[in-house]
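The structure appears right after this line, and notes come after that.
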Amino acid sequence: MELEAAKMIGAGLATIALFGVGIGIGNVFSTLISTVGRNPSVQQRVFPFAIIGFALVEAVALFALLIAFLILFT
């Protein structure tokens with residue numbers, strides 16, 4: 001196998017984590033919507049936790065893309 005083909009396969013495998021990130025972001029915000037739908041008075045308390053959860057899940061996406069770019073361009 002050529003080196004370029006191996007790099008492309010490795011970068012593709014590194015981006016599989018983005019599927020999990022999409023599921024995680026959907027899970028965070030669907031839980032926020034259902035929580036606020038059940039009890040609207042807690043919105044001010046749970047919204048910061050949702051944003052922190054979103055940021056942590058999005059950090060995983062950035063790490064996955066960083067690894068994919070490192071595989072491709074080094």
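By convention here, the chains of the structure tokens are called A, B, ... in the order presented, each chain's residues are numbered starting at 1, and ligands are numbered starting at 1 in the order presented.
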Please list as a PyMOL selection string every residue within 12 Å of range 43-52 of chain A, counting only C-alpha atoms and excluding residues in the same chain fewer than 4 positions away. chain A and resi 24-39+56-59
Go through A:Met1, A:Leu66, A:Leu72, A:Val60 and flag the residue nearest Gly22 in chain A, using only C-alpha atoms for the distances.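 Closest to Gly22 in chain A, using only C-alpha atoms: A:Val60.
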Check the smallest atom-to-atom distance from each of A:Val42, A:Ala55, A:Ala11, A:Ala61 to Phe73 in chain A using only C-alpha atoms, then report the winner. A:Ala11
Excluding Gly10 in chain A and any residue of its chain fewer than 6 positions from it, enumerate the residues within 12 Å of it, using only C-alpha atoms, and give them as number ranges by chain. A: 3-4, 16, 64-65, 67-73
Could you dump the residues just selected with C-alpha atoms as a compact mmCIF listing (two decimals), in the first residue's frame?
# COMPACT_ATOMS: atom_id res chain seq x y z
CA LEU A 3 1.89 6.00 1.88
CA GLU A 4 -0.71 8.44 0.55
CA ILE A 16 -15.33 8.40 12.71
CA ALA A 64 -10.58 14.31 15.99
CA LEU A 65 -10.12 16.83 13.20
CA ILE A 67 -5.63 14.11 14.47
CA ALA A 68 -7.01 13.70 10.94
CA PHE A 69 -5.10 16.75 9.73
CA LEU A 70 -1.94 15.60 11.46
CA ILE A 71 -2.21 12.25 9.71
CA LEU A 72 -2.83 13.88 6.33
CA PHE A 73 -0.27 16.66 6.37
Atom pair CA of Ile23 in chain A / CA of Lys7 in chain A: separation (Å):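 Taking CA of Ile23 in chain A as the start and CA of Lys7 in chain A as the end point, the length is 26.2 Å.
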Could you tell me how far CA of Ala17 in chain A lies from CA of Glu2 in chain A, in Å and to one decimal?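 Value for the CA of Ala17 in chain A-CA of Glu2 in chain A distance: 24.7 Å.
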